[in-house]
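Trainee: Could you have a look at this structure, given as structure tokens, before my questions?
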Amino acid sequence: MGVMGGAGSGAGSGGAGRGLLFRGGDVEELHALVSARFAPHRLTVLDEHPVDGRFRCVHEGGVALYELGYGAEVDVTPGELPEFYNIHVPLSGDGVVTADGVALGSSLSVVNPGQRLSMRWSGETLNRVLIIPRATLDAALAVRLGELPSAPLRFAPVLDRGWGRSGLGCGWCGRSPSSPTRSWRRARRWVWGTSSSCW
């Protein structure tokens with residue numbers, strides 16, 4: 001078991017660069033890169049076998065999309081999120097996301113700015129992680145509402161309610177009829193200005 005604790009300056013601070021950011025077993029390097037791109041956090045490797053990490057930037061700009069897997073069972077504890085929304089979309093494996101001390105019913109989830117976050121991921125887990133700065137979402141809301149919101153928009157944390165892993169793709173594109181995704185789809189349209197695009 002290994003425990004890493006490190007500093008970073010928050011989401012998007014890792015500098016320019018898309019594509020594969022890391023692949024391998026250097027847990028210290030992976031921890032530093034994730035801290036710089038997301039937020040400072042504690043990383044505890046629970047498996048005895050070596051980490052086989054993968055960290056890729058899919059999209060970078062006003063919002064950022066990453067793929068992240070550790071290749072080992074890990075606990076990840078950022079603590080209180082800075083001013084961004086953290087959306088996890090599991091592509092494989094499984095895990096538990098805890099927000100403000102409450103384990104969520106699904107790891108397909110949104111954690112809001114200011115919430116306290118912790119995660120446990122299996123060695124098989126590969127996540128897509130979408131980072132939306134609060135300022136980006138506030139600006140999109142201001143276009144629609146005519147003024148900046150006085151408080152951060154808050155999303156219900158769970159994006160699905162048991163409609164199955166086979167529905168992840170449709171839910172991510174905003175085509176699932178499942179009601180918990182409706183507020184998220186609406187916010188997505190405000191940010192991107194379209195409901196038809198999908199990464």
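Ordering of the structure tokens sets the chain letters (A, B, ...), residue numbers begin anew at 1 in every chain, and ligands are numbered from 1 in the order given.
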If we count only C-alpha atoms, what is near Pro50 (chain A) at a cut-off of 10 Å, once residues fewer than 2 positions away on the same chain are taken out, given as a PyMOL selection string?

Mentor: chain A and resi 1+24-27+45+47-48+52-53+70-72

Trainee: Mind writing the picked residues with N, CA, C and O atoms as a PDB file, in the first residue's frame?

Mentor:
ATOM      1  N   MET A   1       0.852  -1.192   0.000  1.00  0.00           N
ATOM      2  CA  MET A   1       0.000   0.000   0.000  1.00  0.00           C
ATOM      3  C   MET A   1       0.882   1.235   0.000  1.00  0.00           C
ATOM      4  O   MET A   1       1.866   1.295   0.730  1.00  0.00           O
ATOM      5  N   GLY A  24       1.975   4.249 -17.459  1.00  0.00           N
ATOM      6  CA  GLY A  24       3.054   3.538 -16.805  1.00  0.00           C
ATOM      7  C   GLY A  24       2.808   3.308 -15.332  1.00  0.00           C
ATOM      8  O   GLY A  24       1.673   3.381 -14.842  1.00  0.00           O
ATOM      9  N   GLY A  25       3.885   3.055 -14.605  1.00  0.00           N
ATOM     10  CA  GLY A  25       3.776   2.641 -13.215  1.00  0.00           C
ATOM     11  C   GLY A  25       4.358   3.607 -12.208  1.00  0.00           C
ATOM     12  O   GLY A  25       4.441   3.265 -11.026  1.00  0.00           O
ATOM     13  N   ASP A  26       4.768   4.805 -12.628  1.00  0.00           N
ATOM     14  CA  ASP A  26       5.332   5.783 -11.702  1.00  0.00           C
ATOM     15  C   ASP A  26       4.198   6.514 -10.995  1.00  0.00           C
ATOM     16  O   ASP A  26       3.646   7.494 -11.500  1.00  0.00           O
ATOM     17  N   VAL A  27       3.828   6.034  -9.811  1.00  0.00           N
ATOM     18  CA  VAL A  27       2.658   6.570  -9.118  1.00  0.00           C
ATOM     19  C   VAL A  27       2.880   8.014  -8.691  1.00  0.00           C
ATOM     20  O   VAL A  27       1.930   8.812  -8.662  1.00  0.00           O
ATOM     21  N   VAL A  45      -2.762   3.761  -2.809  1.00  0.00           N
ATOM     22  CA  VAL A  45      -2.803   2.552  -3.626  1.00  0.00           C
ATOM     23  C   VAL A  45      -3.049   1.371  -2.694  1.00  0.00           C
ATOM     24  O   VAL A  45      -2.260   1.104  -1.784  1.00  0.00           O
ATOM     25  N   ASP A  47      -3.739  -1.915  -3.759  1.00  0.00           N
ATOM     26  CA  ASP A  47      -3.263  -3.189  -4.299  1.00  0.00           C
ATOM     27  C   ASP A  47      -1.781  -3.387  -3.999  1.00  0.00           C
ATOM     28  O   ASP A  47      -1.021  -2.422  -3.843  1.00  0.00           O
ATOM     29  N   GLU A  48      -1.372  -4.653  -3.976  1.00  0.00           N
ATOM     30  CA  GLU A  48       0.038  -4.980  -3.820  1.00  0.00           C
ATOM     31  C   GLU A  48       0.776  -4.914  -5.159  1.00  0.00           C
ATOM     32  O   GLU A  48       1.971  -4.644  -5.207  1.00  0.00           O
ATOM     33  N   ASP A  52      -0.642   0.558 -12.996  1.00  0.00           N
ATOM     34  CA  ASP A  52      -0.502   0.646 -14.451  1.00  0.00           C
ATOM     35  C   ASP A  52      -1.436   1.754 -14.910  1.00  0.00           C
ATOM     36  O   ASP A  52      -2.525   1.503 -15.403  1.00  0.00           O
ATOM     37  N   GLY A  53      -1.004   2.995 -14.710  1.00  0.00           N
ATOM     38  CA  GLY A  53      -1.873   4.146 -14.891  1.00  0.00           C
ATOM     39  C   GLY A  53      -1.969   4.628 -16.320  1.00  0.00           C
ATOM     40  O   GLY A  53      -1.053   4.430 -17.133  1.00  0.00           O
ATOM     41  N   TYR A  70      -6.147   3.957 -13.018  1.00  0.00           N
ATOM     42  CA  TYR A  70      -4.942   3.724 -12.227  1.00  0.00           C
ATOM     43  C   TYR A  70      -4.369   2.322 -12.413  1.00  0.00           C
ATOM     44  O   TYR A  70      -3.211   2.080 -12.062  1.00  0.00           O
ATOM     45  N   GLY A  71      -5.156   1.382 -12.917  1.00  0.00           N
ATOM     46  CA  GLY A  71      -4.669   0.028 -13.087  1.00  0.00           C
ATOM     47  C   GLY A  71      -4.437  -0.713 -11.795  1.00  0.00           C
ATOM     48  O   GLY A  71      -3.814  -1.773 -11.777  1.00  0.00           O
ATOM     49  N   ALA A  72      -4.923  -0.164 -10.688  1.00  0.00           N
ATOM     50  CA  ALA A  72      -4.829  -0.773  -9.364  1.00  0.00           C
ATOM     51  C   ALA A  72      -5.971  -0.205  -8.536  1.00  0.00           C
ATOM     52  O   ALA A  72      -6.507   0.877  -8.846  1.00  0.00           O
TER      53      ALA A  72
END

Trainee: Would you please give, as a VMD selection string, all residues of region 105-169 of chain A that DSSP assigns to helix (DSSP H, G or I) based on the backbone?

Mentor: chain A and resid 134 to 145 165 to 169

Trainee: Do you know which residues are at most 9 Å from Val34 (chain A) counting only C-alpha atoms, after dropping those on the same chain fewer than 4 positions away, and could you put them as a list in words?

Mentor: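 These residues fall inside the cut-off: Gly8, Gly14, Glu29, Leu30, Phe38, Ala39, Pro40, His41, Phe55 and Leu68 of chain A.
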
Trainee: Grab the residues selected above and save them as a PDB file, in the first residue's frame with N, CA, C and O atoms.

Mentor:
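Here's the written file part.pdb:
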ATOM      1  N   GLY A   8      -1.289  20.912  -5.830  1.00  0.00           N
ATOM      2  CA  GLY A   8      -1.462  21.384  -7.189  1.00  0.00           C
ATOM      3  C   GLY A   8      -2.320  22.613  -7.083  1.00  0.00           C
ATOM      4  O   GLY A   8      -2.899  22.876  -6.044  1.00  0.00           O
ATOM      5  N   GLY A  14      -2.497  22.469 -15.366  1.00  0.00           N
ATOM      6  CA  GLY A  14      -1.392  21.636 -15.812  1.00  0.00           C
ATOM      7  C   GLY A  14      -0.754  22.089 -17.108  1.00  0.00           C
ATOM      8  O   GLY A  14       0.171  21.458 -17.597  1.00  0.00           O
ATOM      9  N   GLU A  29       4.607  10.346 -10.324  1.00  0.00           N
ATOM     10  CA  GLU A  29       4.395  11.202 -11.497  1.00  0.00           C
ATOM     11  C   GLU A  29       2.921  11.316 -11.841  1.00  0.00           C
ATOM     12  O   GLU A  29       2.419  12.412 -12.133  1.00  0.00           O
ATOM     13  N   LEU A  30       2.208  10.191 -11.801  1.00  0.00           N
ATOM     14  CA  LEU A  30       0.775  10.224 -12.091  1.00  0.00           C
ATOM     15  C   LEU A  30       0.033  11.087 -11.078  1.00  0.00           C
ATOM     16  O   LEU A  30      -0.823  11.902 -11.444  1.00  0.00           O
ATOM     17  N   PHE A  38      -6.358  18.583 -11.976  1.00  0.00           N
ATOM     18  CA  PHE A  38      -7.641  18.588 -11.261  1.00  0.00           C
ATOM     19  C   PHE A  38      -7.547  19.417  -9.992  1.00  0.00           C
ATOM     20  O   PHE A  38      -7.933  20.561  -9.963  1.00  0.00           O
ATOM     21  N   ALA A  39      -7.045  18.817  -8.917  1.00  0.00           N
ATOM     22  CA  ALA A  39      -6.968  19.487  -7.623  1.00  0.00           C
ATOM     23  C   ALA A  39      -6.013  18.699  -6.736  1.00  0.00           C
ATOM     24  O   ALA A  39      -5.818  17.494  -6.941  1.00  0.00           O
ATOM     25  N   PRO A  40      -5.413  19.349  -5.741  1.00  0.00           N
ATOM     26  CA  PRO A  40      -4.593  18.603  -4.785  1.00  0.00           C
ATOM     27  C   PRO A  40      -5.411  17.486  -4.140  1.00  0.00           C
ATOM     28  O   PRO A  40      -6.589  17.668  -3.845  1.00  0.00           O
ATOM     29  N   HIS A  41      -4.790  16.329  -3.915  1.00  0.00           N
ATOM     30  CA  HIS A  41      -5.531  15.202  -3.360  1.00  0.00           C
ATOM     31  C   HIS A  41      -4.574  14.204  -2.733  1.00  0.00           C
ATOM     32  O   HIS A  41      -3.364  14.234  -2.989  1.00  0.00           O
ATOM     33  N   PHE A  55      -3.531   8.283 -18.259  1.00  0.00           N
ATOM     34  CA  PHE A  55      -4.129   9.602 -18.093  1.00  0.00           C
ATOM     35  C   PHE A  55      -4.055  10.297 -19.442  1.00  0.00           C
ATOM     36  O   PHE A  55      -2.975  10.513 -19.989  1.00  0.00           O
ATOM     37  N   LEU A  68      -9.050   8.650 -17.250  1.00  0.00           N
ATOM     38  CA  LEU A  68      -8.127   8.351 -16.161  1.00  0.00           C
ATOM     39  C   LEU A  68      -8.397   6.960 -15.611  1.00  0.00           C
ATOM     40  O   LEU A  68      -9.534   6.620 -15.273  1.00  0.00           O
TER      41      LEU A  68
END

Trainee: Nearest to Val76 (chain A) among A:Ser35, A:Asn112, A:Ser92, A:Thr136, with distances taken over only C-alpha atoms: which residue is it?

Mentor: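 Looking at the shortest contact to Val76 (chain A), the residue is A:Ser35.
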
Trainee: Out of A:Gly105, A:Gly62, A:Gly69, A:Gly123, which residue has the shortest atom-to-atom distance to His49 (chain A) when counting only C-alpha atoms?

Mentor: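 Selected residue with least distance to His49 (chain A): A:Gly123.
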
Trainee: Per DSSP on the backbone, what are the strand (DSSP E) residues of region 29-80 of chain A, as a short mmCIF file (atom, residue, chain, number, x, y, z; two decimals) with N, CA and C atoms, in the first residue's frame?

Mentor:
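Printed below is selection17.cif as written:
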data_model
loop_
_atom_site.label_atom_id
_atom_site.label_comp_id
_atom_site.auth_asym_id
_atom_site.auth_seq_id
_atom_site.Cartn_x
_atom_site.Cartn_y
_atom_site.Cartn_z
N ARG A 42 -5.15 13.33 -1.92
CA ARG A 42 -4.39 12.21 -1.38
C ARG A 42 -4.71 10.96 -2.19
N LEU A 43 -3.68 10.23 -2.59
CA LEU A 43 -3.84 9.01 -3.38
C LEU A 43 -3.27 7.84 -2.59
N THR A 44 -4.11 6.84 -2.33
CA THR A 44 -3.68 5.65 -1.60
C THR A 44 -3.85 4.44 -2.52
N VAL A 45 -2.76 3.76 -2.81
CA VAL A 45 -2.80 2.55 -3.63
C VAL A 45 -3.05 1.37 -2.69
N GLY A 53 -1.00 2.99 -14.71
CA GLY A 53 -1.87 4.15 -14.89
C GLY A 53 -1.97 4.63 -16.32
N ARG A 54 -3.10 5.27 -16.60
CA ARG A 54 -3.33 5.88 -17.91
C ARG A 54 -4.06 7.19 -17.69
N PHE A 55 -3.53 8.28 -18.26
CA PHE A 55 -4.13 9.60 -18.09
C PHE A 55 -4.06 10.30 -19.44
N ARG A 56 -5.22 10.64 -19.99
CA ARG A 56 -5.29 11.20 -21.34
C ARG A 56 -6.20 12.41 -21.35
N CYS A 57 -5.78 13.45 -22.02
CA CYS A 57 -6.60 14.64 -22.23
C CYS A 57 -7.33 14.49 -23.57
N VAL A 58 -8.66 14.45 -23.50
CA VAL A 58 -9.49 14.30 -24.70
C VAL A 58 -9.84 15.67 -25.28
N HIS A 59 -10.13 16.62 -24.40
CA HIS A 59 -10.52 17.96 -24.84
C HIS A 59 -10.05 18.96 -23.79
N ALA A 64 -12.93 20.83 -19.78
CA ALA A 64 -11.89 19.85 -20.07
C ALA A 64 -12.43 18.45 -19.87
N LEU A 65 -12.01 17.54 -20.74
CA LEU A 65 -12.43 16.15 -20.66
C LEU A 65 -11.19 15.26 -20.66
N TYR A 66 -11.13 14.36 -19.68
CA TYR A 66 -9.98 13.47 -19.52
C TYR A 66 -10.45 12.02 -19.42
N GLU A 67 -9.52 11.10 -19.68
CA GLU A 67 -9.69 9.70 -19.34
C GLU A 67 -8.62 9.34 -18.32
N LEU A 68 -9.05 8.65 -17.25
CA LEU A 68 -8.13 8.35 -16.16
C LEU A 68 -8.40 6.96 -15.61
N GLY A 69 -7.35 6.17 -15.53
CA GLY A 69 -7.42 4.87 -14.87
C GLY A 69 -6.10 4.63 -14.16
N VAL A 74 -7.54 1.91 -5.82
CA VAL A 74 -7.03 3.13 -5.18
C VAL A 74 -8.15 3.85 -4.43
N ASP A 75 -7.74 4.59 -3.40
CA ASP A 75 -8.57 5.61 -2.77
C ASP A 75 -8.04 6.97 -3.21
N VAL A 76 -8.94 7.86 -3.63
CA VAL A 76 -8.57 9.21 -4.06
C VAL A 76 -9.40 10.19 -3.24
N THR A 77 -8.72 11.09 -2.51
CA THR A 77 -9.43 12.00 -1.60
C THR A 77 -8.96 13.42 -1.84
N PRO A 78 -9.69 14.18 -2.69
CA PRO A 78 -9.33 15.59 -2.89
C PRO A 78 -9.75 16.48 -1.73
N GLY A 79 -10.74 16.06 -0.94
CA GLY A 79 -11.32 16.96 0.04
C GLY A 79 -12.34 17.85 -0.63
N GLU A 80 -12.41 19.11 -0.21
CA GLU A 80 -13.42 20.04 -0.76
C GLU A 80 -13.01 20.47 -2.16
#

Trainee: Using only C-alpha atoms, which residue out of A:Asp94, A:Glu28, A:Asp100, A:Glu83 lies closest to Val51 (chain A)?

Mentor: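 Among the listed residues, the smallest separation from Val51 (chain A) belongs to A:Glu28.
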
Trainee: With only C-alpha atoms as the basis for distance, which of A:Leu21, A:Leu81, A:Ala151, A:Leu46 is at the shortest distance from Ser118 (chain A)?

Mentor: A:Leu81
